[in-house]
Structure formats: C-alpha cells, structure tokens
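**Student:** Mind looking over this structure? Questions follow.
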Number of protein chains: 2
Amino acid sequence: MKFTQISDIGEFGLINRIKSNTKIINKETICGIGDDAAILNYSSGMHTLISTDMMVENIHFDLAYTPLKHLGYKAVVANVSDICAMNGVSKHIAISLAISSKYTVEAIDELYEGIWAACSQYQVDLVGGNITSSLHGMVIAATVTGIVQTGRAAMRGGAKQHDLICVTGDLGGAYVGLQILKREKSVFISNPDMQPELDDKEYVLQRQLKPEARNDIVSALLSNNILPTSMIDISDGLASELFHLCTSSGTGCSIYDQKIPMDPLMVQAAEELNLSAMTCALHGGEDYELLFTVSQSDYEKVQNVSDISVIGYMTSAAEGLKLITKANESIPLQAQGWVHF
Amino acid sequence: MKFTQISDIGEFGLINRIKSNTKIINKETICGIGDDAAILNYSSGMHTLISTDMMVENIHFDLAYTPLKHLGYKAVVANVSDICAMNGVSKHIAISLAISSKYTVEAIDELYEGIWAACSQYQVDLVGGNITSSLHGMVIAATVTGIVQTGRAAMRGGAKQHDLICVTGDLGGAYVGLQILKREKSVFISNPDMQPELDDKEYVLQRQLKPEARNDIVSALLSNNILPTSMIDISDGLASELFHLCTSSGTGCSIYDQKIPMDPLMVQAAEELNLSAMTCALHGGEDYELLFTVSQSDYEKVQNVSDISVIGYMTSAAEGLKLITKANESIPLQAQGWVHF
C-alpha cells in the first residue's frame, strides 16, 4: 500500500478531500464545509445547544490500541452524548485536527471513516473544522450543536429531594475494556510474539472502542412524556457524575449497590483482572450512558422504557452522597473521576 | 508573586474559577458554562452561523513574544472575524484548552483576561469549553456561533463578473509586526542585554498582537443597505483569499496595486526590514480585514462607508487572477498563503 504525505496534497487538498466525501443529511444545513462559517437553519420553538470537547494523543487515547476509525467514531459519540445529556438531538458537528507529520493522508482518511460512520449513525452533519499541523501527535477538538424543544432541556441543577435516580444501559464496561487493552499492550511490548488473549472480551472492548450515545433514550423520554428533572452523561464515572448532579441541584443522594446495572461479561472480565466490578461500575468512565432524575410520579412511565434502571433517590444536601449495600450499610460515596492534572 | 500549579486546584477548580469570572451579556444566553452543553435562544428569521479554529503553540504562536493576554484576545478575534466574513454577528464562543504542566493558574488567568476583554469588545458570551492536559505546550480550540438575517449571509461563491472588489482597513501590518517580533527574539537570544528597537513600531506590533475583527463594517453594510455578493476575511493574505473567492465564484479578478491600502507606518517598517511592502500587503496574513465584492450598482453606497477601498473587479475565470501595476502591466497573481504542512 502506498502512503501519501499530507504535504503532497496540502491543507486545501486535504480539506477538499474531506468535503467531497461528506454527505449532508439534515434539512437544517444551509451551508456546510468550505466557507468561513457553516450556515444552519434551526426552527423557532427550539433552543440551540452547543458543546465542545478535546482529545489529546497519549492523554485521552493511545494509538497503540485504538484504531483511527474507532477514534473518529468515538470523538463524535462523546460530543453527541453531551447533547443527549441536555435531552436534545444533535444536528451538526465541526471537527478541528492538529496533526504531526507522522500522519499520512490514508491515516486521516481512516479517522474520517469513523467520523462519517458516527455522523450517519446519529444523523449529524459534519459542517466545518480546521486542519493544522502540530509538532507532537494529534489533537481532536469537536464542537456539536443540536436542538431541544423550548422547556425540555435537562440541566444538572434541577433535581429535587425524593426524585428517583435513573441510569441507562450498564456501567463499567468501557473501563474494563481499557484495562484489557493496556494489559495486551504491555504483554506485546515484553513479548511481541504472544497472541492477544481476547476471548469473551468482545463486549467490554466494544464498550471502550465503539461506545454509543443514547439518542434512543432521549427519544423514548419524549414519546413517553417524561421530562427528567436533571441529567448528565456518564463520561467520568457514575460517582463523579452523581456528585455533579447533587452539587448543582443542592441535594444529596442514596443509591443501592444491588441496583447498579452491570453486564455479566464486564463482571467476569473485571474478576480476571483482579478488579472489583462494583468499583469499575462506580468509577469507570467513558460508558456514555445517561444518568438522570425524575419525579416520583414518573416512576411508572420510566418502567415502560427499556434499558433504564432506577438505582436510588435524591436526599437532602446534609445527608451527603451514599451507597447503600446489600447488608443495608450506608457508605459515603467518593467522587473520584478522571484526574487530568 | 506566588504561582499556583493547576494540579493544586484541579480541573473543576479551574473551570469554576473561569465560570465565576465570566460575565453574560446577551439575552440569547439561556445557560452558559457549567452544564453538558450551553443553551442558546436564537430568534426566528435568523440563520445560525458556526465557525471553529485551532491554534497550536510554536505553530501559530510563540510565547517568547506573545503575551498570554494578547493570545487570548486574538483567539476570540480570529473566530469573530470568520462570522464577520459571513456578514453575521457573533454571539457565543466556546473555548477548549490543552495545556502542559508548565502553565500555572496565573498564566491561564492571563489568557482568560484577554479572552474576556475580546468577549466584552465584541459582545460575545463565553458559554463553554473544556480544559485538559497535554504533554507538550498549549492548544487553543475555539468555536464561535452567531446569527445572520435570513438572506443576508455572504458566502465565498456569490461573486459575478464585473462585481467590484472591496477591502477594509489596510494590509500587511500584522505580517510586518510578526517579522519585527521574530527579529527581536533572535537579537535577544544572541545578546540578552540588548534593548529592543521598537520605536515607531507600535502600529504594526498592534496589528500582530491585538488585531480586531470588523464587526463595524458588517453593521455599516447593513445600515447602508449593501449586500455583499461574496465575502471572506483576510487571515492568510489578500492574494490567497482572492483565490478562494474566485475559485468558489467561478471568476477571475483584476486588482490595481495602487489601490491596495497600506499604512505608511507599515511601509516604513517593511523597508527597514528590507521587505517589499507590496508583497507584505498581498501575502501577509492575520490582518483580519474583510475582502468582499458588491455589484457595480452599489458603488456609491460603498463610497459612503469609511475605511473601505475598492481595489479592482471580478473578471471571467478564463482571465485568471491579475495584478495591474502603475505602469499598466498585468501580472499573474500567485496565491501563496500560509503553508501549514
């Protein structure tokens, strides 16, 4: 296979290559890539949502075990998930890249294959961006915009005491998947001839390498006429996100360890790694599930939506954040989260 | 002066520090920094504009001669200028930062002093962002959103043959300012005791270090009922931007070297550096002036607006891009622009 240096086609050549392969889906897109700004037509009765995120090579991703296509997919998903967390629908994304000279045109093509796949999955139009050189590695900055019906945005600070705490899907898988990838990398470094041991690990590896955003839940909440009182997506771990909801809402919370959704394949993989599955579910990041609260009167409506677990309830701020065990012990919940600095 | 490590206050501490010092000006801002996404209320009858940009340390800026406050100011201006280039008004900005451990909290405060100053100058609300660590230096990614009345967006591709080519302000200053800063840096490296020679250089240094976006022109075009047929901002140099307008519009152009606006202080500083002032005006980037076309029937209306020069006219694509000299010679115009790769 022949590789093309980016300097062979230049910045404009690369942008044209991306532009000509980008499909526009949404009627709201008046003008996409290629002008000074994109032009969007968001209807009245809607609020505009905007969220931005940055991923830095060797801080947020390691290309030793992250295929570029998966990286591109995840960059879009992480942003779409932030719009889900506002109870909104993503419509447009702009992606800026800084890349060092080690990246070829074919590598960037692979990254965009993943970006386009996610855009298609989530019906988001890629409408802009910027490509520049860097001296070291890759930086991906994405900004997504979306819409939410006026009055339906779910913020972090709206939960009230006694509200039910709900979580979608299952937790901890992405973290355990990452630990397996790290283990395989170090095995490979010490012995490049070793075959990777990835049997039965597809589920957690997929949770790490190809996470999904919960657009389906946002749409189910709307069709079941449920308005969350507060919402956040789980990118830094359940405990850390609960801490954000409680701090913003001025509440405490109690959650039951027995209610925290865990996939048996995650539990099994965690045990093999000598990790506590519960710790992975409480503190592992990057699952991109939704954590939200509803008033108690919505309990039955929530039961109608599949893939939602009610894990506890909001309490007074004075009660703090608590994990209640099977033995009915109450343990203070620590917000660990990711420490970037 | 005591310096605080970012690890002392953490990512959330730093975000709270920024959030609590950010003032919200615009009625369109429903929710700013601190949730998963910002919530904006753009009125009907308006299109939404979005543009994004990325600046990488030692590629786009050198902290040896760029004060952090100026860098923050410029990061906002470069983005606001893209919205001006669509004939729109900027309303909101999100800024993501990747920073290595060499940056202290005080350094980030300085950067934000510049960001806030520009936000205040251009009536833009800082509504989001992201702060993460990097292994090497600083990356700033900014995304600005704005509005334009439906039907008034000025794109690159709308120019017609015979349209007049207009440029705002004067050109080449930012490039000459950069050359002076580079010269002073190398003088300083070879002899740290030398005093900088910056007499009479304030103008070009300010053009480089504290550029401004032409919101005033966008508003003058509206009040004088002028609708540009195409528009772009001059970030990569006049010749390069003309190339974009002509390529997108399917035209050629002829511009007169005598009409290209140059400030006497730029000409003088260029001569001292043994640079051709005309080359600086044609190919120097980062002036953030506007380049646009209007139909000939708007000639008188354009004359009413101060700080606009008519420098030539659009021709057929077959005629190519030409510079016409004082001696009436016609020279092909080369688009150099910045080469990032």
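Just remember, in the structure tokens the first chain shown is A, the second B, etc., residues are 1-based per chain, and ligands are 1-based in the order shown.
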Could you please tell me, as a PyMOL selection string, which residues of chain A have an atom within 8 Å of chain B when using only C-alpha atoms?

**Tutor:** chain A and resi 6-7+10-11+35-44+46-54+56+58-59+82-83+85-86+94-98+101+128-136+141+143+155-156+232-233+339-341

**Student:** Save the residues we just selected, N, CA and C atoms, as a compact mmCIF listing (two decimals), in the first residue's frame?

**Tutor:**
# COMPACT_ATOMS: atom_id res chain seq x y z
N ILE A 6 0.85 14.26 3.85
CA ILE A 6 -0.12 15.36 3.79
C ILE A 6 0.47 16.54 3.02
N SER A 7 1.77 16.73 3.11
CA SER A 7 2.39 17.83 2.37
C SER A 7 2.26 17.65 0.85
N GLY A 10 -1.39 18.98 0.54
CA GLY A 10 -1.54 20.29 1.19
C GLY A 10 -2.82 20.40 2.00
N GLU A 11 -2.92 21.49 2.76
CA GLU A 11 -4.07 21.70 3.64
C GLU A 11 -5.37 21.78 2.82
N ASP A 35 -16.79 27.25 3.72
CA ASP A 35 -16.86 28.71 3.78
C ASP A 35 -16.26 29.16 5.12
N ASP A 36 -16.37 30.45 5.44
CA ASP A 36 -15.80 30.91 6.70
C ASP A 36 -16.55 30.37 7.91
N ALA A 37 -17.82 30.09 7.71
CA ALA A 37 -18.64 29.51 8.77
C ALA A 37 -19.73 28.68 8.11
N ALA A 38 -20.27 27.74 8.83
CA ALA A 38 -21.42 26.99 8.33
C ALA A 38 -22.68 27.80 8.62
N ILE A 39 -23.71 27.59 7.79
CA ILE A 39 -24.99 28.28 7.99
C ILE A 39 -26.06 27.23 8.31
N LEU A 40 -26.72 27.43 9.44
CA LEU A 40 -27.69 26.44 9.92
C LEU A 40 -29.05 27.11 10.09
N ASN A 41 -30.09 26.37 9.84
CA ASN A 41 -31.44 26.90 9.96
C ASN A 41 -32.19 26.15 11.06
N TYR A 42 -32.08 26.64 12.29
CA TYR A 42 -32.78 26.00 13.40
C TYR A 42 -34.14 26.64 13.56
N SER A 43 -35.17 25.80 13.65
CA SER A 43 -36.53 26.34 13.66
C SER A 43 -36.83 27.07 14.96
N SER A 44 -37.87 27.89 14.90
CA SER A 44 -38.31 28.58 16.11
C SER A 44 -39.01 27.56 17.00
N MET A 46 -37.41 26.15 19.25
CA MET A 46 -36.31 25.28 19.67
C MET A 46 -35.20 26.14 20.31
N HIS A 47 -34.56 25.58 21.28
CA HIS A 47 -33.33 26.20 21.76
C HIS A 47 -32.15 25.49 21.08
N THR A 48 -31.08 26.25 20.88
CA THR A 48 -29.86 25.69 20.30
C THR A 48 -28.95 25.22 21.43
N LEU A 49 -28.36 24.04 21.25
CA LEU A 49 -27.41 23.52 22.24
C LEU A 49 -26.03 23.49 21.61
N ILE A 50 -25.01 23.77 22.39
CA ILE A 50 -23.65 23.69 21.86
C ILE A 50 -22.73 23.10 22.92
N SER A 51 -21.90 22.16 22.50
CA SER A 51 -20.97 21.52 23.42
C SER A 51 -19.67 21.23 22.69
N THR A 52 -18.58 21.26 23.41
CA THR A 52 -17.28 21.11 22.78
C THR A 52 -16.39 20.21 23.62
N ASP A 53 -15.45 19.56 22.98
CA ASP A 53 -14.64 18.56 23.65
C ASP A 53 -13.28 18.48 22.96
N MET A 54 -12.27 18.07 23.69
CA MET A 54 -10.94 17.98 23.09
C MET A 54 -10.28 16.68 23.51
N VAL A 56 -6.61 14.55 23.31
CA VAL A 56 -5.19 14.74 23.06
C VAL A 56 -4.50 13.37 23.03
N ASN A 58 -2.15 10.38 23.61
CA ASN A 58 -1.40 9.93 24.78
C ASN A 58 -1.90 10.50 26.11
N ILE A 59 -2.97 11.30 26.04
CA ILE A 59 -3.68 11.69 27.26
C ILE A 59 -5.04 10.98 27.24
N ASP A 82 -23.08 14.48 24.95
CA ASP A 82 -23.30 15.71 25.73
C ASP A 82 -24.61 16.37 25.36
N ILE A 83 -25.00 16.28 24.10
CA ILE A 83 -26.29 16.85 23.68
C ILE A 83 -27.44 15.98 24.21
N ALA A 85 -27.32 14.45 26.94
CA ALA A 85 -27.36 14.77 28.37
C ALA A 85 -28.14 16.04 28.66
N MET A 86 -28.43 16.83 27.61
CA MET A 86 -29.29 18.01 27.77
C MET A 86 -30.72 17.68 27.33
N ALA A 94 -18.56 20.22 14.10
CA ALA A 94 -17.36 20.77 13.46
C ALA A 94 -16.17 20.12 14.16
N ILE A 95 -15.20 19.69 13.38
CA ILE A 95 -14.06 18.98 13.96
C ILE A 95 -12.75 19.61 13.52
N SER A 96 -11.96 20.03 14.48
CA SER A 96 -10.64 20.55 14.17
C SER A 96 -9.59 19.54 14.57
N LEU A 97 -8.56 19.45 13.74
CA LEU A 97 -7.47 18.50 13.95
C LEU A 97 -6.14 19.21 13.95
N ALA A 98 -5.28 18.86 14.90
CA ALA A 98 -3.87 19.23 14.78
C ALA A 98 -3.13 17.91 14.62
N SER A 101 3.63 15.39 11.48
CA SER A 101 3.99 14.90 10.15
C SER A 101 4.00 13.37 10.07
N GLY A 128 -17.95 21.61 9.39
CA GLY A 128 -16.81 22.52 9.43
C GLY A 128 -15.67 21.94 10.20
N GLY A 129 -14.64 22.76 10.34
CA GLY A 129 -13.46 22.32 11.05
C GLY A 129 -12.26 23.03 10.52
N ASN A 130 -11.14 22.44 10.79
CA ASN A 130 -9.91 23.15 10.62
C ASN A 130 -8.83 22.09 10.72
N ILE A 131 -7.86 22.12 9.84
CA ILE A 131 -6.78 21.15 9.97
C ILE A 131 -5.47 21.91 10.01
N THR A 132 -4.68 21.61 11.00
CA THR A 132 -3.43 22.33 11.14
C THR A 132 -2.34 21.34 11.54
N SER A 133 -1.11 21.78 11.45
CA SER A 133 -0.02 20.90 11.84
C SER A 133 0.28 21.06 13.32
N SER A 134 0.89 20.05 13.90
CA SER A 134 1.35 20.14 15.28
C SER A 134 2.77 19.59 15.32
N LEU A 135 3.48 19.90 16.36
CA LEU A 135 4.84 19.35 16.47
C LEU A 135 4.81 17.96 17.08
N HIS A 136 3.78 17.67 17.90
CA HIS A 136 3.72 16.40 18.61
C HIS A 136 2.32 15.81 18.51
N ALA A 141 -10.42 18.37 18.29
CA ALA A 141 -11.38 19.21 19.01
C ALA A 141 -12.68 19.18 18.23
N THR A 143 -16.90 20.22 18.14
CA THR A 143 -17.98 21.01 18.70
C THR A 143 -19.26 20.56 18.03
N MET A 155 -31.07 20.15 32.63
CA MET A 155 -29.80 20.63 33.15
C MET A 155 -29.37 19.80 34.36
N ARG A 156 -28.19 20.15 34.89
CA ARG A 156 -27.69 19.37 36.02
C ARG A 156 -28.36 19.76 37.33
N ILE A 232 -27.21 14.15 33.09
CA ILE A 232 -25.78 14.28 32.77
C ILE A 232 -25.40 12.97 32.07
N ASP A 233 -24.36 13.00 31.26
CA ASP A 233 -23.91 11.72 30.71
C ASP A 233 -22.73 11.21 31.51
N VAL A 339 -8.63 12.19 36.82
CA VAL A 339 -7.80 13.32 37.22
C VAL A 339 -6.89 13.64 36.03
N HIS A 340 -7.16 14.78 35.40
CA HIS A 340 -6.39 15.15 34.21
C HIS A 340 -5.07 15.82 34.59
N PHE A 341 -5.06 16.47 35.77
CA PHE A 341 -3.86 17.26 36.12
C PHE A 341 -3.17 16.68 37.35

**Student:** Please provide the set of residues having any atom within 10 Å of B:Leu323, restricted to only C-alpha atoms, with same-chain residues fewer than 6 positions apart removed, written as a PyMOL selection string.

**Tutor:** chain B and resi 239+253-258+282+312+329-334

**Student:** Could those residues be written to a file, using N, CA, C and O atoms, as an mmCIF file, in the first residue's frame?

**Tutor:**
data_model
loop_
_atom_site.group_PDB
_atom_site.id
_atom_site.type_symbol
_atom_site.label_atom_id
_atom_site.label_comp_id
_atom_site.auth_asym_id
_atom_site.auth_seq_id
_atom_site.Cartn_x
_atom_site.Cartn_y
_atom_site.Cartn_z
ATOM 1 N N ALA B 239 -3.927 37.790 -1.541
ATOM 2 C CA ALA B 239 -3.882 37.004 -2.778
ATOM 3 C C ALA B 239 -4.552 35.645 -2.566
ATOM 4 O O ALA B 239 -5.337 35.181 -3.405
ATOM 5 N N CYS B 253 -10.077 37.766 -11.531
ATOM 6 C CA CYS B 253 -10.146 39.126 -10.982
ATOM 7 C C CYS B 253 -8.965 39.954 -11.451
ATOM 8 O O CYS B 253 -7.925 39.413 -11.824
ATOM 9 N N SER B 254 -9.167 41.254 -11.471
ATOM 10 C CA SER B 254 -8.068 42.188 -11.706
ATOM 11 C C SER B 254 -8.053 43.173 -10.557
ATOM 12 O O SER B 254 -9.085 43.788 -10.258
ATOM 13 N N ILE B 255 -6.907 43.298 -9.899
ATOM 14 C CA ILE B 255 -6.796 44.318 -8.848
ATOM 15 C C ILE B 255 -5.630 45.250 -9.195
ATOM 16 O O ILE B 255 -4.683 44.859 -9.889
ATOM 17 N N TYR B 256 -5.730 46.487 -8.741
ATOM 18 C CA TYR B 256 -4.734 47.514 -9.041
ATOM 19 C C TYR B 256 -3.789 47.683 -7.860
ATOM 20 O O TYR B 256 -4.252 47.936 -6.744
ATOM 21 N N ASP B 257 -2.503 47.545 -8.107
ATOM 22 C CA ASP B 257 -1.565 47.641 -6.971
ATOM 23 C C ASP B 257 -1.651 49.001 -6.275
ATOM 24 O O ASP B 257 -1.508 49.091 -5.063
ATOM 25 N N GLN B 258 -1.953 50.048 -7.054
ATOM 26 C CA GLN B 258 -2.049 51.407 -6.494
ATOM 27 C C GLN B 258 -3.218 51.551 -5.512
ATOM 28 O O GLN B 258 -3.253 52.491 -4.735
ATOM 29 N N LEU B 282 0.123 41.926 -0.063
ATOM 30 C CA LEU B 282 -0.519 40.896 -0.894
ATOM 31 C C LEU B 282 -0.548 39.528 -0.209
ATOM 32 O O LEU B 282 -1.490 38.761 -0.377
ATOM 33 N N GLY B 312 -10.440 46.711 -7.267
ATOM 34 C CA GLY B 312 -10.472 46.085 -8.593
ATOM 35 C C GLY B 312 -11.840 45.505 -8.864
ATOM 36 O O GLY B 312 -12.836 45.926 -8.256
ATOM 37 N N GLU B 329 0.988 47.318 -16.427
ATOM 38 C CA GLU B 329 1.378 45.933 -16.708
ATOM 39 C C GLU B 329 0.417 45.003 -15.963
ATOM 40 O O GLU B 329 0.001 45.313 -14.852
ATOM 41 N N SER B 330 0.153 43.849 -16.526
ATOM 42 C CA SER B 330 -0.732 42.885 -15.886
ATOM 43 C C SER B 330 0.094 41.660 -15.485
ATOM 44 O O SER B 330 0.676 40.983 -16.332
ATOM 45 N N ILE B 331 0.154 41.398 -14.178
ATOM 46 C CA ILE B 331 0.996 40.317 -13.640
ATOM 47 C C ILE B 331 0.093 39.246 -13.036
ATOM 48 O O ILE B 331 -0.828 39.578 -12.282
ATOM 49 N N PRO B 332 0.331 37.966 -13.352
ATOM 50 C CA PRO B 332 -0.478 36.924 -12.704
ATOM 51 C C PRO B 332 -0.285 36.967 -11.180
ATOM 52 O O PRO B 332 0.836 37.143 -10.697
ATOM 53 N N LEU B 333 -1.381 36.833 -10.467
ATOM 54 C CA LEU B 333 -1.338 36.894 -9.003
ATOM 55 C C LEU B 333 -1.167 35.481 -8.464
ATOM 56 O O LEU B 333 -1.935 34.586 -8.794
ATOM 57 N N GLN B 334 -0.144 35.263 -7.644
ATOM 58 C CA GLN B 334 0.091 33.947 -7.057
ATOM 59 C C GLN B 334 -0.534 33.902 -5.670
ATOM 60 O O GLN B 334 -0.348 34.827 -4.887
#

**Student:** Near A:Val124, counting only C-alpha atoms, which residues have an atom at most 8 Å away, once you skip same-chain residues fewer than 6 positions from it, shown as a list in words?

**Tutor:** Ile25, Asn26, Ser90, Lys91, His92, Ile93 and Ala118 of chain A

**Student:** Take the residues from that selection and put them in a file with N, CA, C and O atoms, as a PDB file, in the first residue's frame.

**Tutor:**
ATOM      1  N   ILE A  25     -27.142  15.402   5.473  1.00  0.00           N
ATOM      2  CA  ILE A  25     -28.402  14.690   5.708  1.00  0.00           C
ATOM      3  C   ILE A  25     -29.520  15.651   6.115  1.00  0.00           C
ATOM      4  O   ILE A  25     -30.650  15.519   5.694  1.00  0.00           O
ATOM      5  N   ASN A  26     -29.196  16.615   6.976  1.00  0.00           N
ATOM      6  CA  ASN A  26     -30.236  17.396   7.645  1.00  0.00           C
ATOM      7  C   ASN A  26     -30.717  18.576   6.821  1.00  0.00           C
ATOM      8  O   ASN A  26     -29.910  19.306   6.243  1.00  0.00           O
ATOM      9  N   SER A  90     -28.651  15.991  18.484  1.00  0.00           N
ATOM     10  CA  SER A  90     -27.516  16.583  17.769  1.00  0.00           C
ATOM     11  C   SER A  90     -27.855  16.751  16.302  1.00  0.00           C
ATOM     12  O   SER A  90     -28.511  15.899  15.705  1.00  0.00           O
ATOM     13  N   LYS A  91     -27.373  17.829  15.725  1.00  0.00           N
ATOM     14  CA  LYS A  91     -27.631  18.105  14.313  1.00  0.00           C
ATOM     15  C   LYS A  91     -26.347  18.350  13.525  1.00  0.00           C
ATOM     16  O   LYS A  91     -26.240  17.946  12.371  1.00  0.00           O
ATOM     17  N   HIS A  92     -25.398  19.052  14.114  1.00  0.00           N
ATOM     18  CA  HIS A  92     -24.214  19.467  13.369  1.00  0.00           C
ATOM     19  C   HIS A  92     -22.959  19.313  14.209  1.00  0.00           C
ATOM     20  O   HIS A  92     -22.995  19.479  15.425  1.00  0.00           O
ATOM     21  N   ILE A  93     -21.856  19.042  13.519  1.00  0.00           N
ATOM     22  CA  ILE A  93     -20.587  18.935  14.241  1.00  0.00           C
ATOM     23  C   ILE A  93     -19.477  19.581  13.414  1.00  0.00           C
ATOM     24  O   ILE A  93     -19.504  19.543  12.176  1.00  0.00           O
ATOM     25  N   ALA A 118     -20.138   7.617  12.397  1.00  0.00           N
ATOM     26  CA  ALA A 118     -20.885   8.111  13.558  1.00  0.00           C
ATOM     27  C   ALA A 118     -21.879   9.188  13.132  1.00  0.00           C
ATOM     28  O   ALA A 118     -23.000   9.243  13.637  1.00  0.00           O
TER      29      ALA A 118
END

**Student:** Could you give me, as a ChimeraX atom specification, each residue of stretch 88-299 of chain B that DSSP assigns to alpha helix (DSSP H) when run on this structure's backbone?

**Tutor:** /B:105-122,173-190,202-209,215-223,238-249,264-272,277-283,299

**Student:** Can you list every residue in stretch 33-66 of chain A that DSSP puts in strand (DSSP E or B), as a CSV table (one decimal) with C-alpha atoms, in the first residue's frame?

**Tutor:**
chain,number,residue,atom,x,y,z
A,38,ALA,CA,-21.4,27.0,8.3
A,39,ILE,CA,-25.0,28.3,8.0
A,40,LEU,CA,-27.7,26.4,9.9
A,46,MET,CA,-36.3,25.3,19.7
A,47,HIS,CA,-33.3,26.2,21.8
A,48,THR,CA,-29.9,25.7,20.3
A,49,LEU,CA,-27.4,23.5,22.2
A,50,ILE,CA,-23.6,23.7,21.9
A,51,SER,CA,-21.0,21.5,23.4
A,52,THR,CA,-17.3,21.1,22.8
A,53,ASP,CA,-14.6,18.6,23.7
A,54,MET,CA,-10.9,18.0,23.1
A,55,MET,CA,-9.0,14.7,22.8
A,56,VAL,CA,-5.2,14.7,23.1
A,57,GLU,CA,-3.0,11.9,21.9
A,61,PHE,CA,-6.2,8.0,23.5

**Student:** For A:Lys301, which residue among A:Ile180, A:Leu238, A:Leu71, A:Ala220 is the nearest when counting only C-alpha atoms?

**Tutor:**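 Closest residue, counting only C-alpha atoms: A:Ala220.
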
**Student:** Could you give me, as number ranges by chain, the residues within 10 Å of stretch 306-310 of chain A, counting only C-alpha atoms and dropping anything in the same chain fewer than 3 positions from it?

**Tutor:** A: 164-170, 217, 220, 255-256, 259-261, 289-294, 299, 302-303, 313

**Student:** Taking into account only C-alpha atoms, which residue in the set B:Ala281, B:Met138, B:Ile189, B:Ala327 is nearest to B:Ala107?

**Tutor:**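 Going through B:Ala281, B:Met138, B:Ile189, B:Ala327 one by one, the smallest distance to B:Ala107 is for B:Met138.
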
**Student:** Just to confirm, what's the straight-line distance from atom CA of B:Leu275 to atom CA of B:Ser235 in Å (one decimal)?

**Tutor:** 19.6 Å

**Student:** Quick one, how far is atom CA of A:Lys326 from atom CA of A:Val267?

**Tutor:**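 According to the coordinates, atom CA of A:Lys326 and atom CA of A:Val267 are separated by 17.2 Å.
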
**Student:** Could you give me, as number ranges by chain, the residues within 12 Å of stretch 200-209 of chain A, counting only C-alpha atoms and dropping anything in the same chain fewer than 5 positions from it?

**Tutor:** A: 60-63, 65-75, 77-78, 114, 169-182, 184, 235, 262-270, 272-273, 280, 284-289

**Student:** Between atom CA of A:Lys23 and atom CA of A:Tyr112, what is the distance in Å, rounded to a tenth?

**Tutor:** 12.1 Å
